[in-house]
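*Asks:* My structure is stored as final-v9.cif, with mmCIF, C-alpha atoms.
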```cif
data_structure
#
loop_
_atom_site.group_PDB
_atom_site.id
_atom_site.type_symbol
_atom_site.label_atom_id
_atom_site.label_comp_id
_atom_site.auth_asym_id
_atom_site.auth_seq_id
_atom_site.Cartn_x
_atom_site.Cartn_y
_atom_site.Cartn_z
ATOM 1 C CA GLU B 1 -5.232 14.336 4.730
ATOM 2 C CA LYS B 2 -7.463 12.402 2.334
ATOM 3 C CA PHE B 3 -9.422 11.003 5.263
ATOM 4 C CA ASP B 4 -9.317 14.191 7.321
ATOM 5 C CA ILE B 5 -7.462 12.590 10.242
ATOM 6 C CA PRO B 6 -6.153 15.274 12.646
ATOM 7 C CA ASP B 7 -2.415 14.937 13.321
ATOM 8 C CA THR B 8 -3.007 14.845 17.059
ATOM 9 C CA THR B 9 -5.587 12.074 16.718
ATOM 10 C CA LEU B 10 -3.232 10.009 14.596
ATOM 11 C CA ARG B 11 -0.395 10.419 17.105
ATOM 12 C CA ASN B 12 -2.706 9.556 19.994
ATOM 13 C CA PHE B 13 -3.915 6.472 18.172
ATOM 14 C CA ILE B 14 -0.413 5.182 17.416
ATOM 15 C CA VAL B 15 0.626 5.731 21.044
ATOM 16 C CA ALA B 16 -2.488 3.870 22.210
ATOM 17 C CA VAL B 17 -1.651 0.950 19.925
ATOM 18 C CA GLN B 18 1.872 0.877 21.364
ATOM 19 C CA GLU B 19 0.495 0.906 24.903
ATOM 20 C CA HIS B 20 -1.732 -2.063 24.067
ATOM 21 C CA MET B 21 1.091 -4.160 22.640
ATOM 22 C CA PRO B 22 2.427 -6.366 25.462
ATOM 23 C CA ASP B 23 6.174 -6.756 25.883
ATOM 24 C CA ASN B 24 6.317 -10.169 24.212
ATOM 25 C CA PRO B 25 9.571 -11.437 22.711
ATOM 26 C CA TYR B 26 8.047 -11.432 19.198
ATOM 27 C CA HIS B 27 4.489 -10.095 19.117
ATOM 28 C CA ASN B 28 5.294 -6.594 20.314
ATOM 29 C CA PHE B 29 5.148 -3.058 18.933
ATOM 30 C CA TYR B 30 8.401 -3.529 17.003
ATOM 31 C CA HIS B 31 6.721 -6.357 15.100
ATOM 32 C CA ALA B 32 3.719 -4.105 14.377
ATOM 33 C CA ALA B 33 6.036 -1.356 13.105
ATOM 34 C CA SER B 34 7.926 -3.862 10.963
ATOM 35 C CA VAL B 35 4.683 -5.102 9.378
ATOM 36 C CA VAL B 36 3.603 -1.523 8.633
ATOM 37 C CA HIS B 37 7.002 -0.783 7.098
ATOM 38 C CA PHE B 38 6.929 -3.855 4.863
ATOM 39 C CA SER B 39 3.366 -3.073 3.802
ATOM 40 C CA PHE B 40 4.437 0.447 2.868
ATOM 41 C CA LEU B 41 7.351 -0.889 0.806
ATOM 42 C CA THR B 42 5.042 -3.298 -1.008
ATOM 43 C CA LEU B 43 2.601 -0.488 -1.709
ATOM 44 C CA SER B 44 5.144 2.010 -2.936
ATOM 45 C CA VAL B 45 8.867 1.425 -3.288
ATOM 46 C CA CYS B 46 8.846 -2.136 -4.623
ATOM 47 C CA ASP B 47 7.077 -1.536 -7.940
ATOM 48 C CA GLY B 48 4.102 -0.859 -5.750
ATOM 49 C CA ALA B 49 0.791 -2.498 -5.338
ATOM 50 C CA ASP B 50 -0.727 0.935 -4.845
ATOM 51 C CA ARG B 51 -1.236 1.173 -8.594
ATOM 52 C CA TYR B 52 -3.856 -1.564 -8.236
ATOM 53 C CA LEU B 53 -5.559 -0.122 -5.149
ATOM 54 C CA THR B 54 -7.607 2.941 -4.300
ATOM 55 C CA ASP B 55 -6.538 5.438 -1.637
ATOM 56 C CA ARG B 56 -9.126 3.889 0.643
ATOM 57 C CA ASP B 57 -7.602 0.439 0.119
ATOM 58 C CA VAL B 58 -4.101 1.713 0.858
ATOM 59 C CA PHE B 59 -5.344 3.192 4.130
ATOM 60 C CA ILE B 60 -6.893 -0.176 5.034
ATOM 61 C CA VAL B 61 -3.617 -2.007 4.406
ATOM 62 C CA LEU B 62 -1.563 0.317 6.612
ATOM 63 C CA PHE B 63 -4.185 0.497 9.373
ATOM 64 C CA SER B 64 -4.602 -3.298 9.433
ATOM 65 C CA ALA B 65 -0.855 -3.832 9.516
ATOM 66 C CA LEU B 66 -0.526 -1.563 12.538
ATOM 67 C CA ILE B 67 -3.340 -3.049 14.632
ATOM 68 C CA HIS B 68 -3.307 -6.728 13.658
ATOM 69 C CA ASP B 69 -1.722 -7.970 16.914
ATOM 70 C CA VAL B 70 -3.045 -5.492 19.490
ATOM 71 C CA ASN B 71 -3.272 -7.069 22.969
ATOM 72 C CA HIS B 72 -1.515 -10.220 21.760
ATOM 73 C CA PRO B 73 -0.913 -12.497 24.786
ATOM 74 C CA GLY B 74 2.243 -14.129 23.420
ATOM 75 C CA ASN B 75 0.673 -17.490 22.589
ATOM 76 C CA ASN B 76 -1.221 -18.814 19.599
ATOM 77 C CA ASN B 77 -4.895 -19.487 18.950
ATOM 78 C CA ALA B 78 -4.508 -23.198 19.678
ATOM 79 C CA PHE B 79 -3.385 -22.375 23.214
ATOM 80 C CA GLU B 80 -6.486 -20.241 23.760
ATOM 81 C CA VAL B 81 -8.700 -23.065 22.510
ATOM 82 C CA LYS B 82 -7.160 -25.930 24.456
ATOM 83 C CA SER B 83 -6.971 -23.870 27.636
ATOM 84 C CA GLN B 84 -10.667 -22.985 27.151
ATOM 85 C CA SER B 85 -9.905 -19.322 27.732
ATOM 86 C CA GLN B 86 -12.496 -16.585 27.989
ATOM 87 C CA LEU B 87 -11.353 -15.302 24.608
ATOM 88 C CA ALA B 88 -11.833 -18.714 23.012
ATOM 89 C CA LEU B 89 -15.325 -18.869 24.451
ATOM 90 C CA ARG B 90 -16.087 -15.329 23.273
ATOM 91 C CA TYR B 91 -15.037 -16.035 19.704
ATOM 92 C CA ASN B 92 -16.223 -19.651 19.533
ATOM 93 C CA ASN B 93 -12.663 -20.913 18.934
ATOM 94 C CA VAL B 94 -12.445 -19.110 15.565
ATOM 95 C CA SER B 95 -9.450 -16.825 14.849
ATOM 96 C CA VAL B 96 -9.502 -15.967 18.532
ATOM 97 C CA LEU B 97 -6.580 -13.558 18.769
ATOM 98 C CA GLU B 98 -7.270 -11.843 15.452
ATOM 99 C CA ASN B 99 -10.862 -11.156 16.436
ATOM 100 C CA TYR B 100 -9.700 -9.916 19.827
ATOM 101 C CA SER B 101 -7.224 -7.476 18.267
ATOM 102 C CA ILE B 102 -9.859 -6.049 15.930
ATOM 103 C CA ASP B 103 -12.472 -5.626 18.645
ATOM 104 C CA SER B 104 -9.929 -4.137 21.060
ATOM 105 C CA VAL B 105 -9.009 -1.422 18.575
ATOM 106 C CA PHE B 106 -12.576 -0.603 17.577
ATOM 107 C CA GLU B 107 -13.527 -0.386 21.256
ATOM 108 C CA LEU B 108 -10.611 1.956 21.959
ATOM 109 C CA MET B 109 -11.725 4.300 19.214
ATOM 110 C CA ASN B 110 -15.371 4.165 20.240
ATOM 111 C CA GLU B 111 -14.524 4.993 23.852
ATOM 112 C CA ASP B 112 -12.198 7.918 23.117
ATOM 113 C CA MET B 113 -12.738 10.286 20.204
ATOM 114 C CA GLU B 114 -9.183 11.582 20.658
ATOM 115 C CA LEU B 115 -8.057 8.182 19.365
ATOM 116 C CA ASN B 116 -10.717 7.737 16.700
ATOM 117 C CA VAL B 117 -8.992 8.031 13.335
ATOM 118 C CA PHE B 118 -12.328 7.140 11.694
ATOM 119 C CA GLN B 119 -14.141 10.142 13.187
ATOM 120 C CA ASN B 120 -14.373 12.094 9.927
ATOM 121 C CA ILE B 121 -15.079 9.094 7.716
ATOM 122 C CA GLY B 122 -18.746 8.482 7.193
ATOM 123 C CA GLY B 123 -21.349 6.460 5.411
ATOM 124 C CA ASP B 124 -20.381 3.777 2.952
ATOM 125 C CA ASP B 125 -16.659 4.551 3.284
ATOM 126 C CA LEU B 126 -16.684 3.788 7.012
ATOM 127 C CA GLU B 127 -18.576 0.534 6.587
ATOM 128 C CA TYR B 128 -16.247 -0.554 3.775
ATOM 129 C CA ILE B 129 -13.114 0.291 5.778
ATOM 130 C CA LYS B 130 -14.232 -1.464 8.965
ATOM 131 C CA ASN B 131 -15.332 -4.603 7.115
ATOM 132 C CA SER B 132 -12.142 -4.674 5.057
ATOM 133 C CA VAL B 133 -9.936 -4.187 8.117
ATOM 134 C CA ARG B 134 -11.670 -7.073 9.845
ATOM 135 C CA ASP B 135 -11.161 -9.347 6.843
ATOM 136 C CA ALA B 136 -7.519 -8.326 6.428
ATOM 137 C CA VAL B 137 -6.660 -8.962 10.077
ATOM 138 C CA LEU B 138 -8.548 -12.259 10.109
ATOM 139 C CA PHE B 139 -6.381 -13.414 7.211
ATOM 140 C CA THR B 140 -3.264 -12.988 9.337
ATOM 141 C CA ASP B 141 -4.453 -16.170 11.065
ATOM 142 C CA MET B 142 -1.942 -18.747 9.806
ATOM 143 C CA SER B 143 -4.703 -21.351 9.580
ATOM 144 C CA LYS B 144 -5.982 -19.355 6.581
ATOM 145 C CA HIS B 145 -2.566 -19.183 4.875
ATOM 146 C CA PHE B 146 -3.097 -21.817 2.188
ATOM 147 C CA GLU B 147 -6.644 -20.690 1.452
ATOM 148 C CA LEU B 148 -5.368 -17.171 0.832
ATOM 149 C CA LEU B 149 -2.385 -18.250 -1.274
ATOM 150 C CA ASN B 150 -4.627 -20.426 -3.418
ATOM 151 C CA LYS B 151 -6.890 -17.470 -4.165
ATOM 152 C CA VAL B 152 -4.030 -15.047 -4.810
ATOM 153 C CA GLY B 153 -2.294 -17.638 -6.961
ATOM 154 C CA HIS B 154 -5.233 -17.595 -9.363
ATOM 155 C CA LEU B 155 -4.863 -13.818 -9.588
ATOM 156 C CA ALA B 156 -1.115 -14.159 -10.220
ATOM 157 C CA ASP B 157 -1.877 -16.546 -13.089
ATOM 158 C CA LYS B 158 -3.395 -13.572 -14.920
ATOM 159 C CA VAL B 159 -0.138 -11.596 -14.870
ATOM 160 C CA PRO B 160 0.540 -9.165 -16.402
ATOM 161 C CA VAL B 161 -2.340 -7.847 -14.364
ATOM 162 C CA ASN B 162 -4.330 -5.000 -15.800
ATOM 163 C CA SER B 163 -4.566 -2.339 -13.104
ATOM 164 C CA THR B 164 -7.861 -1.030 -14.467
ATOM 165 C CA MET B 165 -9.313 -4.528 -14.288
ATOM 166 C CA ILE B 166 -8.411 -4.812 -10.589
ATOM 167 C CA GLU B 167 -9.592 -1.314 -9.733
ATOM 168 C CA GLU B 168 -12.992 -2.261 -11.110
ATOM 169 C CA ASP B 169 -13.031 -5.619 -9.297
ATOM 170 C CA GLU B 170 -13.657 -5.104 -5.583
ATOM 171 C CA THR B 171 -13.122 -8.800 -4.840
ATOM 172 C CA ALA B 172 -9.670 -8.706 -6.435
ATOM 173 C CA ARG B 173 -8.749 -5.559 -4.510
ATOM 174 C CA GLN B 174 -9.885 -7.115 -1.243
ATOM 175 C CA LEU B 175 -7.751 -10.149 -2.009
ATOM 176 C CA LEU B 176 -4.692 -7.974 -2.583
ATOM 177 C CA ILE B 177 -5.316 -6.108 0.685
ATOM 178 C CA GLN B 178 -5.474 -9.384 2.605
ATOM 179 C CA PHE B 179 -2.420 -10.792 0.845
ATOM 180 C CA ILE B 180 -0.227 -7.726 1.424
ATOM 181 C CA VAL B 181 -1.047 -7.625 5.144
ATOM 182 C CA HIS B 182 -0.542 -11.373 5.547
ATOM 183 C CA ALA B 183 2.747 -11.409 3.621
ATOM 184 C CA SER B 184 3.956 -8.433 5.645
ATOM 185 C CA ASP B 185 3.132 -10.326 8.838
ATOM 186 C CA ILE B 186 5.660 -13.062 7.952
ATOM 187 C CA SER B 187 8.072 -10.729 6.147
ATOM 188 C CA ASN B 188 10.913 -11.166 8.651
ATOM 189 C CA THR B 189 11.733 -14.387 6.791
ATOM 190 C CA GLY B 190 12.382 -12.335 3.649
ATOM 191 C CA LEU B 191 14.788 -9.854 5.218
ATOM 192 C CA PRO B 192 18.547 -10.132 4.699
ATOM 193 C CA PHE B 193 19.800 -12.835 7.071
ATOM 194 C CA GLU B 194 21.475 -10.476 9.531
ATOM 195 C CA LEU B 195 18.129 -8.668 9.974
ATOM 196 C CA SER B 196 16.021 -11.825 9.898
ATOM 197 C CA LEU B 197 18.102 -13.683 12.499
ATOM 198 C CA PRO B 198 17.026 -11.644 15.573
ATOM 199 C CA TRP B 199 13.368 -12.251 14.690
ATOM 200 C CA SER B 200 13.963 -16.003 14.570
ATOM 201 C CA HIS B 201 15.425 -15.816 18.076
ATOM 202 C CA ARG B 202 12.438 -13.792 19.260
ATOM 203 C CA ILE B 203 9.830 -16.197 17.925
ATOM 204 C CA SER B 204 11.776 -19.125 19.387
ATOM 205 C CA ASP B 205 11.769 -17.430 22.797
ATOM 206 C CA GLU B 206 8.029 -16.822 22.546
ATOM 207 C CA PHE B 207 7.451 -20.459 21.591
ATOM 208 C CA LEU B 208 9.418 -21.545 24.659
ATOM 209 C CA GLN B 209 7.247 -19.318 26.829
ATOM 210 C CA GLN B 210 4.113 -20.952 25.448
ATOM 211 C CA VAL B 211 5.521 -24.436 26.039
ATOM 212 C CA ASN B 212 6.284 -23.495 29.633
ATOM 213 C CA LYS B 213 2.721 -22.204 30.076
ATOM 214 C CA GLU B 214 1.349 -25.433 28.617
ATOM 215 C CA ARG B 215 3.417 -27.573 30.960
ATOM 216 C CA GLY B 216 2.495 -25.373 33.895
ATOM 217 C CA ARG B 217 -1.210 -25.890 33.187
ATOM 218 C CA GLY B 218 -0.933 -29.569 32.412
ATOM 219 C CA LEU B 219 -1.855 -29.045 28.760
ATOM 220 C CA GLU B 220 -0.554 -30.986 25.802
ATOM 221 C CA VAL B 221 2.691 -29.367 24.660
ATOM 222 C CA THR B 222 2.750 -27.959 21.123
ATOM 223 C CA ALA B 223 5.326 -30.199 19.437
ATOM 224 C CA MET B 224 6.459 -27.641 16.862
ATOM 225 C CA MET B 225 7.307 -25.187 19.662
ATOM 226 C CA ASP B 226 9.106 -27.607 21.949
ATOM 227 C CA GLY B 227 12.899 -27.653 22.166
ATOM 228 C CA MET B 228 13.479 -24.178 20.757
ATOM 229 C CA ASP B 229 16.395 -23.744 23.158
ATOM 230 C CA ASN B 230 18.191 -26.325 21.004
ATOM 231 C CA GLU B 231 19.977 -24.760 18.012
ATOM 232 C CA PHE B 232 19.379 -27.744 15.721
ATOM 233 C CA THR B 233 15.652 -27.737 16.500
ATOM 234 C CA LYS B 234 15.512 -23.988 15.936
ATOM 235 C CA ALA B 235 17.290 -24.276 12.578
ATOM 236 C CA THR B 236 15.095 -27.100 11.288
ATOM 237 C CA ALA B 237 11.990 -25.214 12.411
ATOM 238 C CA GLN B 238 13.098 -22.187 10.394
ATOM 239 C CA VAL B 239 13.749 -24.363 7.349
ATOM 240 C CA GLY B 240 10.310 -25.933 7.647
ATOM 241 C CA PHE B 241 8.469 -22.635 8.060
ATOM 242 C CA ILE B 242 10.260 -20.848 5.241
ATOM 243 C CA ARG B 243 9.873 -23.713 2.769
ATOM 244 C CA THR B 244 6.255 -24.430 3.648
ATOM 245 C CA PHE B 245 4.875 -20.930 4.184
ATOM 246 C CA ALA B 246 7.220 -18.081 3.301
ATOM 247 C CA LEU B 247 8.777 -19.129 -0.010
ATOM 248 C CA PRO B 248 5.462 -19.882 -1.771
ATOM 249 C CA CYS B 249 4.069 -16.602 -0.431
ATOM 250 C CA PHE B 250 6.927 -14.430 -1.673
ATOM 251 C CA GLU B 251 7.126 -16.289 -4.965
ATOM 252 C CA ILE B 252 3.551 -15.201 -5.684
ATOM 253 C CA MET B 253 4.348 -11.689 -4.478
ATOM 254 C CA ALA B 254 7.279 -11.490 -6.901
ATOM 255 C CA ILE B 255 4.964 -12.450 -9.767
ATOM 256 C CA LEU B 256 2.374 -9.857 -8.822
ATOM 257 C CA PHE B 257 4.894 -7.144 -7.927
ATOM 258 C CA PRO B 258 8.206 -7.799 -9.732
ATOM 259 C CA GLY B 259 9.937 -5.143 -7.662
ATOM 260 C CA THR B 260 9.713 -7.475 -4.655
ATOM 261 C CA SER B 261 11.779 -10.249 -6.271
ATOM 262 C CA SER B 262 14.730 -9.428 -4.000
ATOM 263 C CA ILE B 263 12.585 -10.427 -1.008
ATOM 264 C CA PHE B 264 12.021 -13.865 -2.531
ATOM 265 C CA LYS B 265 15.768 -14.181 -3.151
ATOM 266 C CA ASP B 266 16.564 -13.216 0.451
ATOM 267 C CA CYS B 267 14.032 -15.794 1.594
ATOM 268 C CA GLU B 268 15.746 -18.455 -0.523
ATOM 269 C CA ASN B 269 19.113 -17.404 0.865
ATOM 270 C CA ASN B 270 17.828 -17.599 4.427
ATOM 271 C CA VAL B 271 16.470 -21.124 4.067
ATOM 272 C CA ASN B 272 19.782 -22.227 2.576
ATOM 273 C CA ILE B 273 21.685 -20.697 5.497
ATOM 274 C CA TRP B 274 19.396 -22.341 8.052
ATOM 275 C CA GLN B 275 19.705 -25.672 6.239
ATOM 276 C CA GLY B 276 23.481 -25.328 6.357
ATOM 277 C CA ILE B 277 23.334 -24.614 10.078
ATOM 278 C CA ALA B 278 21.111 -27.665 10.625
ATOM 279 C CA ASN B 279 23.429 -29.863 8.545
ATOM 280 C CA ASN B 280 26.502 -28.765 10.511
ATOM 281 C CA LEU B 281 24.770 -29.354 13.839
ATOM 282 C CA SER B 282 23.643 -32.836 12.816
ATOM 283 C CA ILE B 283 27.199 -34.032 12.192
#
```
How does this structure look as structure tokens?
*Replies:*
Amino acid sequence: EKFDIPDTTLRNFIVAVQEHMPDNPYHNFYHAASVVHFSFLTLSVCDGADRYLTDRDVFIVLFSALIHDVNHPGNNNAFEVKSQSQLALRYNNVSVLENYSIDSVFELMNEDMELNVFQNIGGDDLEYIKNSVRDAVLFTDMSKHFELLNKVGHLADKVPVNSTMIEEDETARQLLIQFIVHASDISNTGLPFELSLPWSHRISDEFLQQVNKERGRGLEVTAMMDGMDNEFTKATAQVGFIRTFALPCFEIMAILFPGTSSIFKDCENNVNIWQGIANNLSI
């Protein structure tokens, strides 16, 4: 209502996003919905971040979460680059899939006003939203993970954060937008283990598909994706990802938004379970 988006347009847009999410094992519409859901929880239920952000910022978070993987081909950016794909050429090897998702969505809305949820947003608001969405989606590129965590970590050092201070600091708000979307993108690692487990199987299956494509094209196989049909390899890969990427991310989130501390604890529990599985399989 605050952005005067007709109900029919919103429904049409969500359906269009679903139709442009390929049936990949992991990067599919269920993943998009999961990222939106986690973003919403971070913004509201979990001692929400929405107290730091404007209504416009909240809209950007939810929109970015929904569209961040549109038209995802089921492989990573490195595959696009080393296969010298048309997308890699178009985006000069930089955040190839993230740029493609953004442009795909903006093109969809430009071509069909019945999908254009921005149609009643004008002027400076529209420019701010489009630029912020692009930045937020670009920061779902895992190659930017440590850069983002370093910046957000400096913000977390100022806790307790004064909400008025952040509201008046556009750079800080942009940083929170990017962090919430990025953290939500890897949030399956912070779910209770019984909910997290199916996602680990899905990403392993998608990795195997990429490895098969690499072998089929005579490309160098991505070592971290190879052997995911082996339970020990899968378990150690989960341990490595959670310890290296997820735990530091959700530790910072718990500092910024104390209501999310249970997510960090679930993440810790998950890495311990995966380590136990790896230990048992190595005997």
*Asks:* How would you write, as a ChimeraX atom specification, the residues chosen by the PyMOL selection byres ((chain B and resi 177) around 8) on this structure?
*Replies:* /B:57-58,60-61,136,173-176,178-181
*Asks:* I need the residue nearest B:Asn75 from this list: B:Phe139, B:Phe63, B:Phe207, B:Phe257. Use all atoms listed in the file for the distance.
*Replies:*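 Counting all atoms listed in the file, the residue closest to B:Asn75 is B:Phe207.
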*Asks:* Quick check, in Å to one decimal: how far apart do atom CA of B:Leu66 and atom CA of B:Met113 lie?
*Replies:*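 Between atom CA of B:Leu66 and atom CA of B:Met113 the gap is 18.7 Å.
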*Asks:* Can you translate the PyMOL selection byres ((chain B and resi 206) around 12) into the concrete residues it hits in this file, as a PDB file with C-alpha atoms, in the frame of the given file?
*Replies:*
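After the write, out21.pdb holds the following:
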```pdb
ATOM      1  CA  ASP B  23       6.174  -6.756  25.883  1.00  0.00           C
ATOM      2  CA  ASN B  24       6.317 -10.169  24.212  1.00  0.00           C
ATOM      3  CA  PRO B  25       9.571 -11.437  22.711  1.00  0.00           C
ATOM      4  CA  TYR B  26       8.047 -11.432  19.198  1.00  0.00           C
ATOM      5  CA  HIS B  27       4.489 -10.095  19.117  1.00  0.00           C
ATOM      6  CA  ASN B  28       5.294  -6.594  20.314  1.00  0.00           C
ATOM      7  CA  HIS B  72      -1.515 -10.220  21.760  1.00  0.00           C
ATOM      8  CA  PRO B  73      -0.913 -12.497  24.786  1.00  0.00           C
ATOM      9  CA  GLY B  74       2.243 -14.129  23.420  1.00  0.00           C
ATOM     10  CA  ASN B  75       0.673 -17.490  22.589  1.00  0.00           C
ATOM     11  CA  ASN B  76      -1.221 -18.814  19.599  1.00  0.00           C
ATOM     12  CA  TRP B 199      13.368 -12.251  14.690  1.00  0.00           C
ATOM     13  CA  SER B 200      13.963 -16.003  14.570  1.00  0.00           C
ATOM     14  CA  HIS B 201      15.425 -15.816  18.076  1.00  0.00           C
ATOM     15  CA  ARG B 202      12.438 -13.792  19.260  1.00  0.00           C
ATOM     16  CA  ILE B 203       9.830 -16.197  17.925  1.00  0.00           C
ATOM     17  CA  SER B 204      11.776 -19.125  19.387  1.00  0.00           C
ATOM     18  CA  ASP B 205      11.769 -17.430  22.797  1.00  0.00           C
ATOM     19  CA  PHE B 207       7.451 -20.459  21.591  1.00  0.00           C
ATOM     20  CA  LEU B 208       9.418 -21.545  24.659  1.00  0.00           C
ATOM     21  CA  GLN B 209       7.247 -19.318  26.829  1.00  0.00           C
ATOM     22  CA  GLN B 210       4.113 -20.952  25.448  1.00  0.00           C
ATOM     23  CA  VAL B 211       5.521 -24.436  26.039  1.00  0.00           C
ATOM     24  CA  ASN B 212       6.284 -23.495  29.633  1.00  0.00           C
ATOM     25  CA  LYS B 213       2.721 -22.204  30.076  1.00  0.00           C
ATOM     26  CA  MET B 225       7.307 -25.187  19.662  1.00  0.00           C
ATOM     27  CA  ASP B 226       9.106 -27.607  21.949  1.00  0.00           C
ATOM     28  CA  GLY B 227      12.899 -27.653  22.166  1.00  0.00           C
ATOM     29  CA  MET B 228      13.479 -24.178  20.757  1.00  0.00           C
ATOM     30  CA  ASP B 229      16.395 -23.744  23.158  1.00  0.00           C
TER      31      ASP B 229
END
```
*Asks:* Once the PyMOL selection byres ((chain B and resi 117) around 10) has been applied to the shown file, what residues remain in the selection, as a list in words?
*Replies:* Phe3, Asp4, Ile5, Pro6, Asp7, Thr8, Thr9, Leu10, Arg11, Asn12, Phe13, Ile14, Phe63, Met109, Met113, Glu114, Leu115, Asn116, Phe118, Gln119, Asn120 and Ile121 of chain B
*Asks:* Each side padded by 8 Å, which centre and which edge lengths in Å (one decimal) define the axis-aligned box around the listed atoms of stretch 23-42 of chain B? Give them as JSON.
*Replies:*
```
{"center_x": 6.5, "center_y": -5.5, "center_z": 12.4, "size_x": 22.2, "size_y": 27.9, "size_z": 42.9}
```
*Asks:* If you measure from atom CA of B:Leu191 to atom CA of B:Arg51, what distance in Å do you get, rounded to one decimal?
*Replies:*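 Distance between the two atoms: 23.9 Å.
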*Asks:* What does the distance from atom CA of B:Ser104 to atom CA of B:Asn71 come to in Å, to one decimal?
*Replies:*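 About the pair atom CA of B:Ser104 and atom CA of B:Asn71: they are 7.5 Å apart.
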*Asks:* Using only C-alpha atoms, which residue out of B:Leu256, B:Gln275, B:Gly218, B:Lys151 lies closest to B:Asp50?
*Replies:* B:Leu256
